[in-house]
file start.txt (compact mmCIF, C-alpha atoms and all ligand atoms)
# COMPACT_ATOMS: atom_id res chain seq x y z
CA MET A 1 110.16 122.35 104.34
CA THR A 2 111.20 118.72 104.09
CA LYS A 3 114.85 117.91 104.57
CA THR A 4 115.97 114.65 102.99
CA LEU A 5 119.09 112.74 103.85
CA ASN A 6 120.53 109.31 103.29
CA VAL A 7 121.84 107.31 106.23
CA GLY A 8 123.29 104.00 105.06
CA SER A 9 120.55 102.20 103.13
CA LEU A 10 117.87 104.50 104.50
CA LYS A 11 116.28 107.56 102.98
CA ILE A 12 114.98 109.85 105.70
CA ASP A 13 112.62 112.80 105.23
CA ILE A 14 112.50 115.19 108.15
CA ASP A 15 109.79 117.78 108.73
CA GLU A 16 109.68 120.23 111.58
CA THR A 17 106.73 122.34 112.70
CA PRO A 18 106.23 123.99 116.11
CA GLY A 19 105.92 121.21 118.68
CA LEU A 20 106.27 118.42 116.12
CA ALA A 21 109.19 116.70 114.45
CA SER A 22 108.51 114.00 111.86
CA TYR A 23 110.97 111.45 110.56
CA ARG A 24 109.85 109.37 107.58
CA MET A 25 112.18 106.43 106.98
CA CYS A 26 112.40 104.21 103.90
CA GLY A 27 114.72 101.31 103.20
CA ASN A 28 116.80 98.81 105.15
CA VAL A 29 118.12 99.13 108.68
CA ASP A 30 121.38 97.23 108.25
CA GLU A 31 125.09 97.46 109.08
CA SER A 32 125.38 100.69 107.05
CA PHE A 33 122.91 102.45 109.37
CA LYS A 34 124.64 104.87 111.75
CA GLN A 35 122.15 106.30 114.18
CA ASN A 36 124.38 109.25 115.16
CA GLU A 37 124.05 110.58 111.59
CA ILE A 38 120.36 111.27 112.21
CA PRO A 39 119.83 114.88 113.34
CA ARG A 40 118.06 115.24 116.67
CA ILE A 41 115.18 117.69 116.94
CA LYS A 42 113.69 118.65 120.26
CA ALA A 43 109.87 118.67 120.06
CA GLN A 44 106.91 117.83 122.24
CA THR A 45 105.97 115.04 119.82
CA ILE A 46 108.30 113.13 117.54
CA ASN A 47 106.51 111.12 114.84
CA LEU A 48 108.28 108.21 113.22
CA ASP A 49 106.63 107.19 109.92
CA LEU A 50 107.86 103.64 109.42
CA GLU A 51 105.79 102.38 106.50
CA GLY A 52 108.86 102.19 104.27
CA LEU A 53 111.13 100.08 106.49
CA THR A 54 111.62 96.84 104.61
CA ASN A 55 114.31 94.89 106.44
CA PHE A 56 116.34 94.86 109.65
CA ASN A 57 119.48 92.89 110.37
CA SER A 58 121.16 92.35 113.75
CA CYS A 59 123.67 95.23 113.34
CA GLY A 60 120.87 97.51 112.22
CA ILE A 61 118.56 96.71 115.11
CA ARG A 62 121.36 97.36 117.61
CA GLU A 63 121.82 100.86 116.17
CA TRP A 64 118.04 101.32 116.07
CA VAL A 65 117.77 100.59 119.81
CA PHE A 66 120.42 103.27 120.48
CA LEU A 67 118.52 105.73 118.28
CA ILE A 68 115.20 105.14 120.05
CA LYS A 69 116.79 105.34 123.48
CA ASP A 70 118.36 108.68 122.58
CA LEU A 71 115.39 110.18 120.70
CA THR A 72 113.27 109.52 123.79
CA LYS A 73 115.17 112.36 125.48
CA TYR A 74 114.03 114.80 122.79
CA GLY A 75 110.27 114.24 122.85
CA GLN A 76 107.39 111.76 123.01
CA LEU A 77 107.93 109.18 120.29
CA ARG A 78 104.94 108.04 118.27
CA PHE A 79 105.40 105.11 115.88
CA LYS A 80 103.14 105.43 112.85
CA LYS A 81 102.31 102.99 110.05
CA CYS A 82 104.88 100.45 111.25
CA SER A 83 105.72 98.05 108.44
CA ILE A 84 105.48 94.31 109.06
CA ALA A 85 109.29 94.21 109.29
CA MET A 86 109.11 96.86 112.03
CA VAL A 87 106.38 94.97 113.92
CA ASP A 88 108.53 91.83 113.84
CA GLN A 89 111.33 93.79 115.53
CA LEU A 90 108.96 95.35 118.08
CA ASN A 91 107.93 91.81 119.01
CA MET A 92 111.41 90.30 119.13
CA VAL A 93 113.30 93.27 120.60
CA PRO A 94 111.10 95.16 123.07
CA GLU A 95 113.80 97.87 123.44
CA SER A 96 113.19 98.80 119.79
CA ILE A 97 110.15 100.82 120.86
CA GLY A 98 111.69 102.38 123.98
CA ASN A 99 109.15 104.68 125.60
CA GLY A 100 107.38 105.18 122.28
CA VAL A 101 103.71 104.60 121.54
CA VAL A 102 102.50 102.73 118.44
CA ASP A 103 99.63 104.59 116.78
CA SER A 104 99.21 102.37 113.72
CA PHE A 105 100.83 99.39 112.07
CA TYR A 106 100.46 97.04 109.11
CA ALA A 107 99.37 93.43 109.43
CA PRO A 108 99.25 90.56 106.94
CA TYR A 109 95.88 89.32 105.71
CA ALA A 110 94.90 86.92 102.95
CA CYS A 111 91.96 86.37 100.62
CA GLU A 112 91.43 82.78 99.45
CA THR A 113 91.03 84.03 95.89
CA HIS A 114 93.26 87.08 95.70
CA GLY A 115 96.15 86.16 97.97
CA GLU A 116 98.07 88.16 100.52
CA SER A 117 97.71 91.84 101.30
CA GLU A 118 98.85 94.22 104.02
CA HIS A 119 96.36 96.32 105.95
CA LEU A 120 96.83 99.27 108.25
CA ILE A 121 95.48 98.88 111.78
CA ASP A 122 94.79 101.98 113.86
CA VAL A 123 95.53 101.15 117.49
CA ASN A 124 92.99 103.57 118.96
CA SER A 125 90.02 102.70 116.79
CA SER A 126 90.77 98.96 117.03
CA SER A 127 91.66 98.95 120.72
CA ALA A 128 88.77 96.69 121.78
CA ASP A 129 89.80 93.98 119.30
CA LEU A 130 93.50 94.38 120.01
CA HIS A 131 93.18 94.18 123.77
CA SER A 132 91.25 90.94 123.44
CA HIS A 133 93.85 89.67 120.94
CA VAL A 134 91.43 89.54 118.04
CA ALA A 135 92.53 90.63 114.57
CA PRO A 136 90.39 93.57 113.38
CA GLU A 137 88.14 92.60 110.47
CA LYS A 138 89.33 93.62 107.02
CA ASN A 139 87.79 92.94 103.64
CA CYS A 140 89.47 92.09 100.37
CA ALA A 141 89.93 95.20 98.24
CA THR A 142 89.05 93.20 95.12
CA CYS A 143 86.10 90.96 96.09
CA ASN A 144 85.14 92.54 99.44
CA THR A 145 84.92 89.19 101.27
CA PRO A 146 86.28 89.11 104.84
CA LEU A 147 90.00 88.39 104.92
CA ILE A 148 91.83 85.79 106.98
CA PHE A 149 94.46 87.16 109.37
CA ASP A 150 97.73 85.77 108.04
CA ALA A 151 99.90 85.57 111.19
CA MET A 152 99.71 84.17 114.72
CA VAL A 153 97.45 86.63 116.54
CA ASP A 154 99.12 86.25 119.94
CA SER A 155 102.66 86.65 118.69
CA TYR A 156 101.90 89.40 116.13
CA PHE A 157 100.11 91.60 118.69
CA LEU A 158 102.59 90.85 121.46
CA PHE A 159 104.19 94.32 121.26
CA LEU A 160 100.83 95.89 122.18
CA SER A 161 100.57 94.07 125.50
CA PRO A 162 102.63 96.57 127.55
CA ILE A 163 100.29 99.40 126.49
CA ALA A 164 97.47 98.10 128.68
CA SER A 165 99.70 97.74 131.73
CA LYS A 166 102.15 100.61 131.15
CA PRO A 167 101.41 103.35 133.69
CA GLN A 168 100.69 106.71 132.07
CA LYS A 169 103.61 108.71 133.34
CA ALA A 170 103.27 112.48 133.46
CA SER A 171 106.52 114.17 132.47
ZN ZN A 201 89.44 88.69 97.32

call {"tool": "encode", "arguments": {"input": "start.txt", "output": "structure tokens", "more": "lines below"}}
Ligand SMILES: [Zn+2]
result
Amino acid sequence: MTKTLNVGSLKIDIDETPGLASYRMCGNVDESFKQNEIPRIKAQTINLDLEGLTNFNSCGIREWVFLIKDLTKYGQLRFKKCSIAMVDQLNMVPESIGNGVVDSFYAPYACETHGESEHLIDVNSSSADLHSHVAPEKNCATCNTPLIFDAMVDSYFLFLSPIASKPQKAS
């Protein structure tokens, strides 16, 4: 059963199965976002599906940091399909990930003929590239030629750096 609610400019779908809580968020994280309106679910794993987050402003990110800090008490946070807007925040505001782990995220690529496109990067399967700060290879969906990574590699992958050095804490 999916429960849907609106919090400010966000639409949030919540699913709960034994051991797993999933929050799927779509929209803007702005001054209308009130983190305490989001129901807390205690679960071993808490998935945050963040593909639909389109924009953050400074009020929104402050609330977001509170949300992440608090949700951390309820289970292991896993960030999935982070939008480019989310990745920008992860890079600028390290507290926006808390103790969470990023499983996958979108990155900007470009084809000389067909323009810009966003591609999903899986952190586990691309870990060798990511740890050496190399953009994983992607091909254009239209002409299949290799795409150009359309951001600064070092700054876009910055949020991944702590993963290599973060001690695996048993809790
Ligand atoms: Zn192309």

call {"tool": "closest_residue", "arguments": {"input": "start.txt", "among": "A:Leu90, A:Val65, A:Ala21, A:Ile12", "to": "Gly52 in chain A", "atoms": "all atoms listed in the file"}}
result
A:Ile12

call {"tool": "closest_residue", "arguments": {"input": "start.txt", "among": "A:Leu5, A:Val101, A:Leu130, A:Ile148", "to": "ligand ZN 201 (chain A)", "atoms": "all atoms listed in the file"}}
result
A:Ile148

call {"tool": "atom_distance", "arguments": {"input": "start.txt", "atom1": "CA of Gly60 in chain A", "atom2": "CA of Lys34 in chain A"}}
result
8.3 Å

call {"tool": "residues_near_ligand", "arguments": {"input": "start.txt", "ligand": "ligand ZN 201 (chain A)", "cutoff": "12 Å", "atoms": "only C-alpha atoms and all ligand atoms", "output": "PyMOL selection string"}}
result
chain A and resi 109-117+138-148

call {"tool": "write_last_selection", "arguments": {"input": "start.txt", "atoms": "C-alpha atoms", "output": "mmCIF file, keeping the file's coordinate frame"}}
result
data_model
loop_
_atom_site.group_PDB
_atom_site.id
_atom_site.type_symbol
_atom_site.label_atom_id
_atom_site.label_comp_id
_atom_site.auth_asym_id
_atom_site.auth_seq_id
_atom_site.Cartn_x
_atom_site.Cartn_y
_atom_site.Cartn_z
ATOM 1 C CA TYR A 109 95.880 89.320 105.710
ATOM 2 C CA ALA A 110 94.900 86.920 102.950
ATOM 3 C CA CYS A 111 91.960 86.370 100.620
ATOM 4 C CA GLU A 112 91.430 82.780 99.450
ATOM 5 C CA THR A 113 91.030 84.030 95.890
ATOM 6 C CA HIS A 114 93.260 87.080 95.700
ATOM 7 C CA GLY A 115 96.150 86.160 97.970
ATOM 8 C CA GLU A 116 98.070 88.160 100.520
ATOM 9 C CA SER A 117 97.710 91.840 101.300
ATOM 10 C CA LYS A 138 89.330 93.620 107.020
ATOM 11 C CA ASN A 139 87.790 92.940 103.640
ATOM 12 C CA CYS A 140 89.470 92.090 100.370
ATOM 13 C CA ALA A 141 89.930 95.200 98.240
ATOM 14 C CA THR A 142 89.050 93.200 95.120
ATOM 15 C CA CYS A 143 86.100 90.960 96.090
ATOM 16 C CA ASN A 144 85.140 92.540 99.440
ATOM 17 C CA THR A 145 84.920 89.190 101.270
ATOM 18 C CA PRO A 146 86.280 89.110 104.840
ATOM 19 C CA LEU A 147 90.000 88.390 104.920
ATOM 20 C CA ILE A 148 91.830 85.790 106.980
#

call {"tool": "axis_aligned_box", "arguments": {"input": "start.txt", "around": "range 38-57 of chain A", "padding_each_side": "3 Å", "output": "JSON"}}
result
{"center_x": 113.1, "center_y": 105.8, "center_z": 113.3, "size_x": 20.6, "size_y": 31.8, "size_z": 24.0}

call {"tool": "closest_residue", "arguments": {"input": "start.txt", "among": "A:Phe105, A:Phe157, A:Tyr23, A:Phe66", "to": "His119 in chain A", "atoms": "all atoms listed in the file"}}
result
A:Phe105

call {"tool": "closest_residue", "arguments": {"input": "start.txt", "among": "A:Ser32, A:Asn47, A:Thr72, A:Ser155", "to": "Asn91 in chain A", "atoms": "only C-alpha atoms"}}
result
A:Ser155

call {"tool": "atom_distance", "arguments": {"input": "start.txt", "atom1": "CA of Val123 in chain A", "atom2": "CA of Tyr156 in chain A"}}
result
13.4 Å

call {"tool": "residues_around", "arguments": {"input": "start.txt", "residues": "Leu10 in chain A", "least_positions_apart": "5", "cutoff": "7 Å", "atoms": "all atoms listed in the file", "output": "JSON, numbers by chain"}}
result
{"A": [25, 26, 27, 28, 29]}

call {"tool": "residues_around", "arguments": {"input": "start.txt", "residues": "Gly100 in chain A", "least_positions_apart": "2", "cutoff": "6 Å", "atoms": "all atoms listed in the file", "output": "list in words"}}
result
Leu77, Arg78, Ile97 and Gly98 of chain A

call {"tool": "closest_residue", "arguments": {"input": "start.txt", "among": "A:Thr2, A:Asn36, A:Ser83, A:Asn55", "to": "Leu120 in chain A", "atoms": "only C-alpha atoms"}}
result
A:Ser83

call {"tool": "residues_around", "arguments": {"input": "start.txt", "residues": "range 92-96 of chain A", "least_positions_apart": "5", "cutoff": "8 Å", "atoms": "only C-alpha atoms", "output": "list in words"}}
result
Ile61, Trp64, Val65, Ile68 and Phe159 of chain A

call {"tool": "write_last_selection", "arguments": {"input": "start.txt", "atoms": "C-alpha atoms", "output": "JSON list (two decimals), in the coordinates of the input"}}
result
[["chain", "number", "residue", "atom", "x", "y", "z"],
["A", 61, "ILE", "CA", 118.56, 96.71, 115.11],
["A", 64, "TRP", "CA", 118.04, 101.32, 116.07],
["A", 65, "VAL", "CA", 117.77, 100.59, 119.81],
["A", 68, "ILE", "CA", 115.20, 105.14, 120.05],
["A", 159, "PHE", "CA", 104.19, 94.32, 121.26]]

call {"tool": "closest_residue", "arguments": {"input": "start.txt", "among": "A:Gly8, A:Glu37, A:Glu31, A:Asp103", "to": "Ser126 in chain A", "atoms": "all atoms listed in the file"}}
result
A:Asp103
